[in-house]
Amino acid sequence: MADFVRVEKGIYKRGEYSFQVKMMVNGHRVTETFDTILEARAFRDSKNVAKALDPDFKRVVASRIKKQEAASFTISKALDRYLREVTVLKKGAAEEKYKIGKLKRYDIAKIGFYSCSADDIAMFLSTLKDEGMSDNGRRKYALILSHLYNIALKRWRMAVSNPASSIELPSNGPSRDRRLESGEEVRFYAQLGKARNKFVLPITKLAVETAMRRGELLSLQWKDITYHDDGTGTAALYDTKNGENRVVPLSTKAVAVLKGLTRPIKGGQVFNVDKVQLRAALAAALKRARKEYALECEKIGRDSNPGFLRNLRFHDLRHEATSRLFERGVFDSMEVASITGHKTLQMLKRYTHLRAEDLARKMG
């Protein structure tokens with residue numbers, strides 16, 4: 001008995017006058033035999049048309065496609081979309097882009113987006129801890145993953161739950177309380193004055209006098225500065241870190257710093273320096289100041305203070321400035337918050353570090 005030979009998709013021939021159609025319809029195998037290939041084609045094609053018009057069949061096919069897509073949609077691919085649609089709109093886009101690039105190098109990025117569990121995220125954070133990353137650093141990576149799933153659920157309308165919501169996030173650590181100690185400011189400013197970039201010293205002085213953020217200072221424009229007849233002034237800031245505009249009062253000292261700079265006729269940016277140059281200049285100045293201090297201590301036979309002129313960051317100057325505003329004794333909490341731009345008193349508290357010795361003197 002002759003075997004059937006495939007002649008077209010779904011059609012098999014045996015002998016001269018036997019054409020058999022074999023195909024799946026709604027999950028069932030259909031087999032029919034015809035005398036001519038034309039009849040076999042007509043039957044096959046009619047069944048295919050019926051399948052295309054059947055809503056139940058369409059749903060089955062769509063479900064299968066979605067399952068296939070879900071199986072191949074990894075956290076890495078989700079992060080790529082997040083990077084294109086969400087990260088690029090953030091003020092800290094460059095920093096988050098770097099973190100996402102690093103995150104994608106770990107095994108968790110290969111896990112299916114729909115199958116990732118809280119245990120998978122916990123294991124990823126444990127790996128970061130073993131590599132020496134701080135709690136605050138690990139917390140930031142966990143928050144990226146958490147926001148990724150929230151965006152997928154609420155904006156992309158994906159049927160997922162947030163596995164990061166089921167884990168205990170690492171602590172963001174204690175707030176920094178570094179302030180300029182007695183003698184540090186003079187030495188620090190002296191070395192900043194020797195920097196190649198002439199804007200490094202004035203931008204640092206203005207930071208201490210106004211509590212403005214580094215980004216706000218770097219983007220400050222001459223057209224947004226107003227001087228008053230009494231020697232004070234204001235600086236208008238737009239699209240700040242918390243998304244709001246703010247007008248910062250300028251003391252006579254702050255105005256003096258600004259008037260010490262050359263104001264171009266065309267205006268433009270006040271401080272011609274970027275964050276990389278600023279960071280490098282501050283580090284170099286601190287190193288020179290520390291070396292000079294250590295040599296002086298050695299010369300007079302006195303032990304040097306190991307913490308003097310160490311572990312100081314530009315952002316610490318915002319803490320310093322906020323604390324000094326309170327120490328003046330003329331501003332209440334709401335007034336200080338309006339100057340610094342803190343949206344909550346809790347955040348303002350994290351930036352305020354009053355010295356115990358100063359409080360003791362007030363107590364008498």
# chains A, B, ... in the order shown; residues from 1 in each chain; ligands from 1
>>> residues_around(residues="A:Glu184", least_positions_apart="6", cutoff="10 Å", atoms="only C-alpha atoms", output="ChimeraX atom specification")
/A:190,286,289-290,293,308-310
>>> select_by_dssp(residues="stretch 193-272 of chain A", states="alpha helix (DSSP H)", output="PyMOL selection string")
chain A and resi 200-210+214-218+252-259
>>> residues_around(residues="stretch 329-344 of chain A", least_positions_apart="6", cutoff="8 Å", atoms="only C-alpha atoms", output="JSON, numbers by chain")
{"A": [210, 211, 212, 242, 246, 247, 248, 249, 322]}
>>> closest_residue(among="A:Lys205, A:Arg324, A:Lys102, A:Arg313", to="A:Ala254", atoms="only C-alpha atoms")
A:Lys205
>>> residues_around(residues="A:Pro163", least_positions_apart="4", cutoff="10 Å", atoms="only C-alpha atoms", output="list of chain:residue names")
A:Tyr114, A:Ser115, A:Cys116, A:Ser117, A:Ala118, A:Asp119, A:Asp120, A:Ile121, A:Ala122, A:Leu145, A:Ser146, A:Tyr149, A:Ile167
>>> write_last_selection(atoms="N, CA and C atoms", output="compact mmCIF listing (two decimals), in the first residue's frame")
# COMPACT_ATOMS: atom_id res chain seq x y z
N TYR A 114 8.66 38.34 34.00
CA TYR A 114 7.44 37.87 34.65
C TYR A 114 7.72 36.84 35.74
N SER A 115 8.89 36.26 35.72
CA SER A 115 9.18 35.18 36.67
C SER A 115 10.12 35.62 37.81
N CYS A 116 10.59 36.85 37.78
CA CYS A 116 11.50 37.32 38.82
C CYS A 116 10.77 37.33 40.17
N SER A 117 11.43 36.83 41.19
CA SER A 117 10.83 36.75 42.52
C SER A 117 11.57 37.64 43.52
N ALA A 118 10.98 37.77 44.69
CA ALA A 118 11.62 38.54 45.76
C ALA A 118 12.95 37.91 46.14
N ASP A 119 13.01 36.57 46.09
CA ASP A 119 14.26 35.86 46.40
C ASP A 119 15.36 36.21 45.40
N ASP A 120 14.98 36.38 44.13
CA ASP A 120 15.97 36.74 43.10
C ASP A 120 16.57 38.12 43.40
N ILE A 121 15.72 39.06 43.79
CA ILE A 121 16.20 40.40 44.10
C ILE A 121 17.05 40.39 45.36
N ALA A 122 16.61 39.62 46.36
CA ALA A 122 17.37 39.52 47.61
C ALA A 122 18.76 38.93 47.35
N LEU A 145 14.84 48.74 40.56
CA LEU A 145 14.05 47.56 40.19
C LEU A 145 12.59 47.73 40.60
N SER A 146 12.38 48.29 41.78
CA SER A 146 11.03 48.51 42.27
C SER A 146 10.26 49.47 41.36
N TYR A 149 9.23 47.88 38.00
CA TYR A 149 8.01 47.06 38.04
C TYR A 149 6.76 47.92 38.21
N ILE A 167 10.43 42.63 49.84
CA ILE A 167 11.70 42.51 50.55
C ILE A 167 11.93 43.74 51.42
>>> closest_residue(among="A:Arg179, A:Ala40, A:Thr31, A:Lys140", to="A:Glu95", atoms="only C-alpha atoms")
A:Lys140
>>> atom_distance(atom1="atom CA of A:Ser323", atom2="atom CA of A:Val200")
22.3 Å
>>> select_by_dssp(residues="stretch 133-336 of chain A", states="strand (DSSP E)", output="VMD selection string")
chain A and resid 225 to 227 233 to 237 246 to 250
>>> write_last_selection(atoms="all heavy atoms", output="JSON list (two decimals), in the first residue's frame")
[["chain", "number", "residue", "atom", "x", "y", "z"],
["A", 225, "ILE", "N", 20.01, 86.99, 38.45],
["A", 225, "ILE", "CA", 20.52, 87.61, 39.68],
["A", 225, "ILE", "C", 20.10, 89.07, 39.72],
["A", 225, "ILE", "O", 20.23, 89.80, 38.74],
["A", 225, "ILE", "CB", 22.05, 87.49, 39.76],
["A", 225, "ILE", "CG1", 22.45, 86.02, 39.87],
["A", 225, "ILE", "CG2", 22.59, 88.29, 40.94],
["A", 225, "ILE", "CD1", 23.94, 85.78, 39.80],
["A", 226, "THR", "N", 19.57, 89.46, 40.87],
["A", 226, "THR", "CA", 19.12, 90.85, 41.06],
["A", 226, "THR", "C", 19.79, 91.43, 42.29],
["A", 226, "THR", "O", 19.81, 90.80, 43.35],
["A", 226, "THR", "CB", 17.59, 90.90, 41.24],
["A", 226, "THR", "OG1", 16.95, 90.30, 40.10],
["A", 226, "THR", "CG2", 17.11, 92.34, 41.38],
["A", 227, "TYR", "N", 20.37, 92.63, 42.14],
["A", 227, "TYR", "CA", 20.99, 93.32, 43.27],
["A", 227, "TYR", "C", 20.03, 94.39, 43.82],
["A", 227, "TYR", "O", 19.30, 95.05, 43.05],
["A", 227, "TYR", "CB", 22.29, 93.99, 42.85],
["A", 227, "TYR", "CG", 23.36, 93.01, 42.38],
["A", 227, "TYR", "CD1", 24.13, 93.27, 41.23],
["A", 227, "TYR", "CD2", 23.61, 91.84, 43.09],
["A", 227, "TYR", "CE1", 25.10, 92.39, 40.80],
["A", 227, "TYR", "CE2", 24.59, 90.96, 42.67],
["A", 227, "TYR", "CZ", 25.33, 91.23, 41.53],
["A", 227, "TYR", "OH", 26.29, 90.34, 41.12],
["A", 233, "GLY", "N", 20.53, 90.89, 47.69],
["A", 233, "GLY", "CA", 20.04, 90.56, 46.35],
["A", 233, "GLY", "C", 19.26, 89.27, 46.36],
["A", 233, "GLY", "O", 18.97, 88.70, 47.43],
["A", 234, "THR", "N", 18.90, 88.79, 45.20],
["A", 234, "THR", "CA", 18.19, 87.52, 45.05],
["A", 234, "THR", "C", 18.71, 86.78, 43.82],
["A", 234, "THR", "O", 19.22, 87.39, 42.89],
["A", 234, "THR", "CB", 16.66, 87.72, 44.87],
["A", 234, "THR", "OG1", 16.43, 88.55, 43.74],
["A", 234, "THR", "CG2", 16.05, 88.32, 46.13],
["A", 235, "ALA", "N", 18.55, 85.46, 43.85],
["A", 235, "ALA", "CA", 18.91, 84.61, 42.70],
["A", 235, "ALA", "C", 17.72, 83.71, 42.41],
["A", 235, "ALA", "O", 17.26, 82.97, 43.29],
["A", 235, "ALA", "CB", 20.14, 83.77, 43.02],
["A", 236, "ALA", "N", 17.20, 83.79, 41.21],
["A", 236, "ALA", "CA", 16.06, 82.97, 40.81],
["A", 236, "ALA", "C", 16.55, 81.64, 40.25],
["A", 236, "ALA", "O", 17.40, 81.61, 39.36],
["A", 236, "ALA", "CB", 15.21, 83.71, 39.77],
["A", 237, "LEU", "N", 16.01, 80.56, 40.79],
["A", 237, "LEU", "CA", 16.37, 79.21, 40.35],
["A", 237, "LEU", "C", 15.17, 78.55, 39.70],
["A", 237, "LEU", "O", 14.05, 78.65, 40.22],
["A", 237, "LEU", "CB", 16.85, 78.36, 41.53],
["A", 237, "LEU", "CG", 17.98, 78.94, 42.38],
["A", 237, "LEU", "CD1", 18.30, 78.00, 43.54],
["A", 237, "LEU", "CD2", 19.23, 79.15, 41.53],
["A", 246, "ARG", "N", 12.49, 78.49, 42.67],
["A", 246, "ARG", "CA", 12.75, 79.08, 43.98],
["A", 246, "ARG", "C", 13.57, 80.35, 43.83],
["A", 246, "ARG", "O", 14.39, 80.45, 42.92],
["A", 246, "ARG", "CB", 13.47, 78.03, 44.83],
["A", 246, "ARG", "CG", 14.09, 78.45, 46.06],
["A", 246, "ARG", "CD", 14.50, 77.29, 46.97],
["A", 246, "ARG", "NE", 15.93, 77.19, 47.16],
["A", 246, "ARG", "CZ", 16.71, 76.32, 46.59],
["A", 246, "ARG", "NH1", 16.22, 75.44, 45.74],
["A", 246, "ARG", "NH2", 18.01, 76.30, 46.82],
["A", 247, "VAL", "N", 13.33, 81.31, 44.69],
["A", 247, "VAL", "CA", 14.12, 82.54, 44.71],
["A", 247, "VAL", "C", 14.94, 82.53, 45.99],
["A", 247, "VAL", "O", 14.39, 82.49, 47.10],
["A", 247, "VAL", "CB", 13.24, 83.80, 44.65],
["A", 247, "VAL", "CG1", 14.11, 85.05, 44.73],
["A", 247, "VAL", "CG2", 12.42, 83.81, 43.37],
["A", 248, "VAL", "N", 16.25, 82.55, 45.85],
["A", 248, "VAL", "CA", 17.15, 82.47, 47.00],
["A", 248, "VAL", "C", 17.61, 83.87, 47.39],
["A", 248, "VAL", "O", 18.12, 84.62, 46.54],
["A", 248, "VAL", "CB", 18.38, 81.61, 46.65],
["A", 248, "VAL", "CG1", 19.35, 81.57, 47.84],
["A", 248, "VAL", "CG2", 17.96, 80.20, 46.27],
["A", 249, "PRO", "N", 17.44, 84.25, 48.66],
["A", 249, "PRO", "CA", 17.94, 85.55, 49.10],
["A", 249, "PRO", "C", 19.46, 85.55, 49.16],
["A", 249, "PRO", "O", 20.07, 84.56, 49.55],
["A", 249, "PRO", "CB", 17.33, 85.71, 50.50],
["A", 249, "PRO", "CG", 17.09, 84.31, 50.97],
["A", 249, "PRO", "CD", 16.75, 83.51, 49.74],
["A", 250, "LEU", "N", 20.07, 86.64, 48.76],
["A", 250, "LEU", "CA", 21.53, 86.76, 48.78],
["A", 250, "LEU", "C", 21.93, 87.78, 49.83],
["A", 250, "LEU", "O", 21.49, 88.94, 49.79],
["A", 250, "LEU", "CB", 22.04, 87.20, 47.40],
["A", 250, "LEU", "CG", 21.71, 86.29, 46.21],
["A", 250, "LEU", "CD1", 22.18, 86.92, 44.91],
["A", 250, "LEU", "CD2", 22.34, 84.90, 46.39]]
>>> residues_around(residues="A:Gly215", least_positions_apart="5", cutoff="10 Å", atoms="only C-alpha atoms", output="MDAnalysis selection string")
chainID A and resid 91 220 240:241 274:275
>>> write_last_selection(atoms="C-alpha atoms", output="CSV table (one decimal), in the first residue's frame")
chain,number,residue,atom,x,y,z
A,91,LYS,CA,17.5,65.1,36.2
A,220,LEU,CA,23.0,79.8,37.7
A,240,THR,CA,15.4,72.6,40.8
A,241,LYS,CA,16.0,69.1,42.1
A,274,ASP,CA,31.5,71.7,35.4
A,275,LYS,CA,31.0,69.2,38.2
